[in-house]
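To start, the structure under review is shown below, and the notes come after it.
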Amino acid sequence: MVSAGMLLAALAAGAGGCGRGTEPSRTTTGALPGPRPSILLVTLDTTRADSIGPDATGIGTPSFNAVAARGRLFRQAYATVPETLPSHASMMTGLYPAGHGIHENARRLADATPVLAEQLKGAGYRTAAVVASFVLAKRFGLARGFDAYDDRLPEGRQDRTAREVTDAGLAALEAESAAPLFLWVHYWDPHHP
């Protein structure tokens with residue numbers, strides 16, 4: 001069973017404010033004018049906030065700290081439900097489980113429920129995801145809007161290692177494009193033991 005301690009580190013690379021000004025005007029294509037930052041969303045399954053990152057106690061996580069220092073780190077992120085799929089469905093839809101209808105793993109998100117990748121793709125972003133666990137496989141509905149959704153698992157396994165996920169994520173970064181990138185990488189390793 002997945003515990004409620006899922007840490008979400010959302011890091012936006014580049015500049016970009018979080019001001020509460022007026023909504024910027026959109027172009028005729030729906031995209032926002034001007035340069036947009038690429039977005040890296042890193043999700044770690046079953047991880048307590050005090051066990052990783054700048055605020056970790058009793059352990060050093062220099063690589064994670066370096067990434068966090070270059071983007072936006074949300075130190076107060078909470079799982080809406082203590083299971084992987086419904087919690088990620090909430091992150092990708094902005095809805096609580098009662099709103100998106102996923103209350104446990106192995107259910108499918110309704111096609112009518114908009115997801116973040118669809119919205120970013122519509123705003124001119126390239127979109128890619130690399131997930132580490134069968135629990136987030138395409139068949140469960142979170143792949144909509146992603147140009148590439150890598151849920152491949154080594155034969156006979158239901159998850160893949162952080163190294164495997166990172167290598168696939170780095171490969172997604174290598175694709176040349178003038179468009180900003182939304183890349184979601186999901187790690188399962190913290191889940192065990």
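Identifiers in the structure tokens: chain A, B, ... in order shown; residue index from 1 per chain; ligand index from 1 in order shown.
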*Which residues come within 9 Å of Tyr125 (chain A), counting only C-alpha atoms, excluding same-chain residues fewer than 5 positions away, as a ChimeraX atom specification?*
/A:31,36,38,117,119-120,179-182
_Long-range neighbours of Ala175 (chain A) as a PyMOL selection string, 12 Å cut-off, only C-alpha atoms, 4 positions minimum in chain_ = chain A and resi 126-128+147-148+168-171+179-181+183
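Across the model, the gap from CA of Leu153 (chain A) to CA of Val130 (chain A) is 10.6 Å.
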*Got a sec to tell me which of region 6-178 of chain A DSSP assigns to helix (DSSP H, G or I), as an MDAnalysis selection string?*
chainID A and resid 49:51 62:69 84:93 97:100 116:122 134:136 138:140 162:173
Please write the residues from the selection above to a file, keeping N, CA and C atoms, as a CSV table (one decimal), in the first residue's frame.
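Wrote again35.csv, looks like this:
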chain,number,residue,atom,x,y,z
A,49,ALA,N,8.6,14.5,2.9
A,49,ALA,CA,9.2,15.7,2.6
A,49,ALA,C,10.5,15.9,3.4
A,50,ASP,N,10.6,15.3,4.6
A,50,ASP,CA,11.8,15.5,5.4
A,50,ASP,C,12.9,14.5,5.1
A,51,SER,N,12.7,13.7,4.0
A,51,SER,CA,13.7,12.7,3.7
A,51,SER,C,14.5,13.0,2.4
A,62,PRO,N,22.3,15.9,-2.6
A,62,PRO,CA,22.9,17.0,-3.4
A,62,PRO,C,22.3,17.1,-4.8
A,63,SER,N,22.1,16.1,-5.5
A,63,SER,CA,21.6,16.2,-6.9
A,63,SER,C,20.2,16.8,-6.9
A,64,PHE,N,19.3,16.3,-6.0
A,64,PHE,CA,18.0,16.8,-5.9
A,64,PHE,C,18.0,18.3,-5.5
A,65,ASN,N,18.9,18.6,-4.6
A,65,ASN,CA,19.0,20.0,-4.1
A,65,ASN,C,19.5,20.9,-5.2
A,66,ALA,N,20.4,20.5,-6.1
A,66,ALA,CA,20.9,21.3,-7.2
A,66,ALA,C,19.7,21.6,-8.2
A,67,VAL,N,18.9,20.6,-8.5
A,67,VAL,CA,17.8,20.8,-9.4
A,67,VAL,C,16.8,21.8,-8.7
A,68,ALA,N,16.5,21.6,-7.5
A,68,ALA,CA,15.6,22.4,-6.8
A,68,ALA,C,16.0,23.9,-6.7
A,69,ALA,N,17.3,24.1,-6.6
A,69,ALA,CA,17.9,25.4,-6.5
A,69,ALA,C,17.7,26.2,-7.8
A,84,THR,N,-1.1,6.0,-5.5
A,84,THR,CA,-0.4,6.6,-6.6
A,84,THR,C,-1.3,7.2,-7.7
A,85,LEU,N,-2.1,6.4,-8.3
A,85,LEU,CA,-2.9,6.9,-9.5
A,85,LEU,C,-3.9,8.0,-9.1
A,86,PRO,N,-4.7,7.9,-8.0
A,86,PRO,CA,-5.6,9.0,-7.7
A,86,PRO,C,-4.9,10.2,-7.3
A,87,SER,N,-3.7,10.1,-6.7
A,87,SER,CA,-3.0,11.3,-6.3
A,87,SER,C,-2.4,12.0,-7.5
A,88,HIS,N,-1.9,11.2,-8.5
A,88,HIS,CA,-1.3,11.8,-9.7
A,88,HIS,C,-2.5,12.4,-10.6
A,89,ALA,N,-3.6,11.7,-10.5
A,89,ALA,CA,-4.8,12.2,-11.3
A,89,ALA,C,-5.2,13.6,-10.7
A,90,SER,N,-5.1,13.8,-9.4
A,90,SER,CA,-5.3,15.1,-8.8
A,90,SER,C,-4.3,16.1,-9.3
A,91,MET,N,-3.0,15.8,-9.3
A,91,MET,CA,-2.0,16.7,-9.8
A,91,MET,C,-2.2,17.1,-11.2
A,92,MET,N,-2.6,16.1,-12.1
A,92,MET,CA,-2.8,16.4,-13.5
A,92,MET,C,-4.1,17.0,-13.9
A,93,THR,N,-5.1,17.0,-13.0
A,93,THR,CA,-6.4,17.6,-13.3
A,93,THR,C,-6.7,18.9,-12.5
A,97,PRO,N,-10.2,13.7,-5.7
A,97,PRO,CA,-10.7,12.5,-6.2
A,97,PRO,C,-12.2,12.5,-6.5
A,98,ALA,N,-13.0,13.2,-5.7
A,98,ALA,CA,-14.4,13.3,-5.9
A,98,ALA,C,-14.7,14.0,-7.2
A,99,GLY,N,-13.9,14.9,-7.7
A,99,GLY,CA,-14.1,15.6,-8.9
A,99,GLY,C,-13.6,14.8,-10.2
A,100,HIS,N,-12.5,14.1,-10.1
A,100,HIS,CA,-12.0,13.3,-11.2
A,100,HIS,C,-12.5,11.9,-11.2
A,116,LEU,N,-3.6,18.4,-17.5
A,116,LEU,CA,-2.6,19.4,-17.6
A,116,LEU,C,-1.9,19.4,-19.0
A,117,ALA,N,-1.5,18.2,-19.4
A,117,ALA,CA,-0.7,18.0,-20.6
A,117,ALA,C,-1.5,18.5,-21.8
A,118,GLU,N,-2.8,18.3,-21.8
A,118,GLU,CA,-3.7,18.8,-22.9
A,118,GLU,C,-3.7,20.3,-23.0
A,119,GLN,N,-3.8,20.9,-21.8
A,119,GLN,CA,-3.8,22.3,-21.7
A,119,GLN,C,-2.5,22.9,-22.2
A,120,LEU,N,-1.4,22.4,-21.7
A,120,LEU,CA,-0.1,22.9,-22.1
A,120,LEU,C,0.2,22.7,-23.6
A,121,LYS,N,-0.2,21.5,-24.1
A,121,LYS,CA,0.0,21.3,-25.5
A,121,LYS,C,-0.8,22.3,-26.4
A,122,GLY,N,-2.0,22.6,-25.9
A,122,GLY,CA,-2.8,23.6,-26.6
A,122,GLY,C,-2.2,25.0,-26.5
A,134,PHE,N,3.8,0.6,-13.3
A,134,PHE,CA,2.6,0.1,-14.0
A,134,PHE,C,1.4,0.9,-13.6
A,135,VAL,N,1.4,1.3,-12.3
A,135,VAL,CA,0.2,2.0,-11.8
A,135,VAL,C,-0.1,3.3,-12.6
A,136,LEU,N,0.8,3.8,-13.3
A,136,LEU,CA,0.6,5.0,-14.1
A,136,LEU,C,0.6,4.8,-15.6
A,138,LYS,N,-0.4,4.0,-19.5
A,138,LYS,CA,-1.2,4.8,-20.4
A,138,LYS,C,-2.7,4.4,-20.2
A,139,ARG,N,-2.9,3.1,-20.0
A,139,ARG,CA,-4.3,2.6,-20.0
A,139,ARG,C,-5.2,3.2,-18.9
A,140,PHE,N,-4.6,3.9,-18.0
A,140,PHE,CA,-5.3,4.5,-16.9
A,140,PHE,C,-5.7,6.0,-17.1
A,162,ALA,N,15.3,4.4,-10.8
A,162,ALA,CA,15.5,5.8,-11.0
A,162,ALA,C,16.5,6.0,-12.2
A,163,ARG,N,17.5,5.2,-12.3
A,163,ARG,CA,18.5,5.3,-13.4
A,163,ARG,C,17.8,5.2,-14.7
A,164,GLU,N,16.9,4.2,-14.8
A,164,GLU,CA,16.2,3.9,-16.1
A,164,GLU,C,15.3,5.1,-16.4
A,165,VAL,N,14.6,5.6,-15.4
A,165,VAL,CA,13.7,6.8,-15.6
A,165,VAL,C,14.5,8.0,-16.0
A,166,THR,N,15.6,8.2,-15.3
A,166,THR,CA,16.4,9.4,-15.6
A,166,THR,C,17.0,9.3,-17.0
A,167,ASP,N,17.5,8.2,-17.4
A,167,ASP,CA,18.0,8.0,-18.8
A,167,ASP,C,17.0,8.4,-19.8
A,168,ALA,N,15.7,7.8,-19.6
A,168,ALA,CA,14.6,8.1,-20.6
A,168,ALA,C,14.3,9.6,-20.5
A,169,GLY,N,14.3,10.2,-19.4
A,169,GLY,CA,14.0,11.6,-19.2
A,169,GLY,C,15.0,12.5,-19.9
A,170,LEU,N,16.3,12.1,-19.8
A,170,LEU,CA,17.3,12.9,-20.5
A,170,LEU,C,17.2,12.7,-22.0
A,171,ALA,N,16.8,11.6,-22.5
A,171,ALA,CA,16.6,11.4,-23.9
A,171,ALA,C,15.5,12.3,-24.4
A,172,ALA,N,14.4,12.5,-23.6
A,172,ALA,CA,13.3,13.4,-24.0
A,172,ALA,C,13.8,14.8,-24.1
A,173,LEU,N,14.8,15.2,-23.2
A,173,LEU,CA,15.3,16.5,-23.2
A,173,LEU,C,16.1,16.8,-24.5
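One finds CA of Val185 (chain A) at 5.8 Å from CA of Ala129 (chain A).
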*For His192 (chain A): contacts at 10 Å, only C-alpha atoms, fewer than 3 positions along chain excluded, given as a ChimeraX atom specification*: /A:2,45-47,188-189
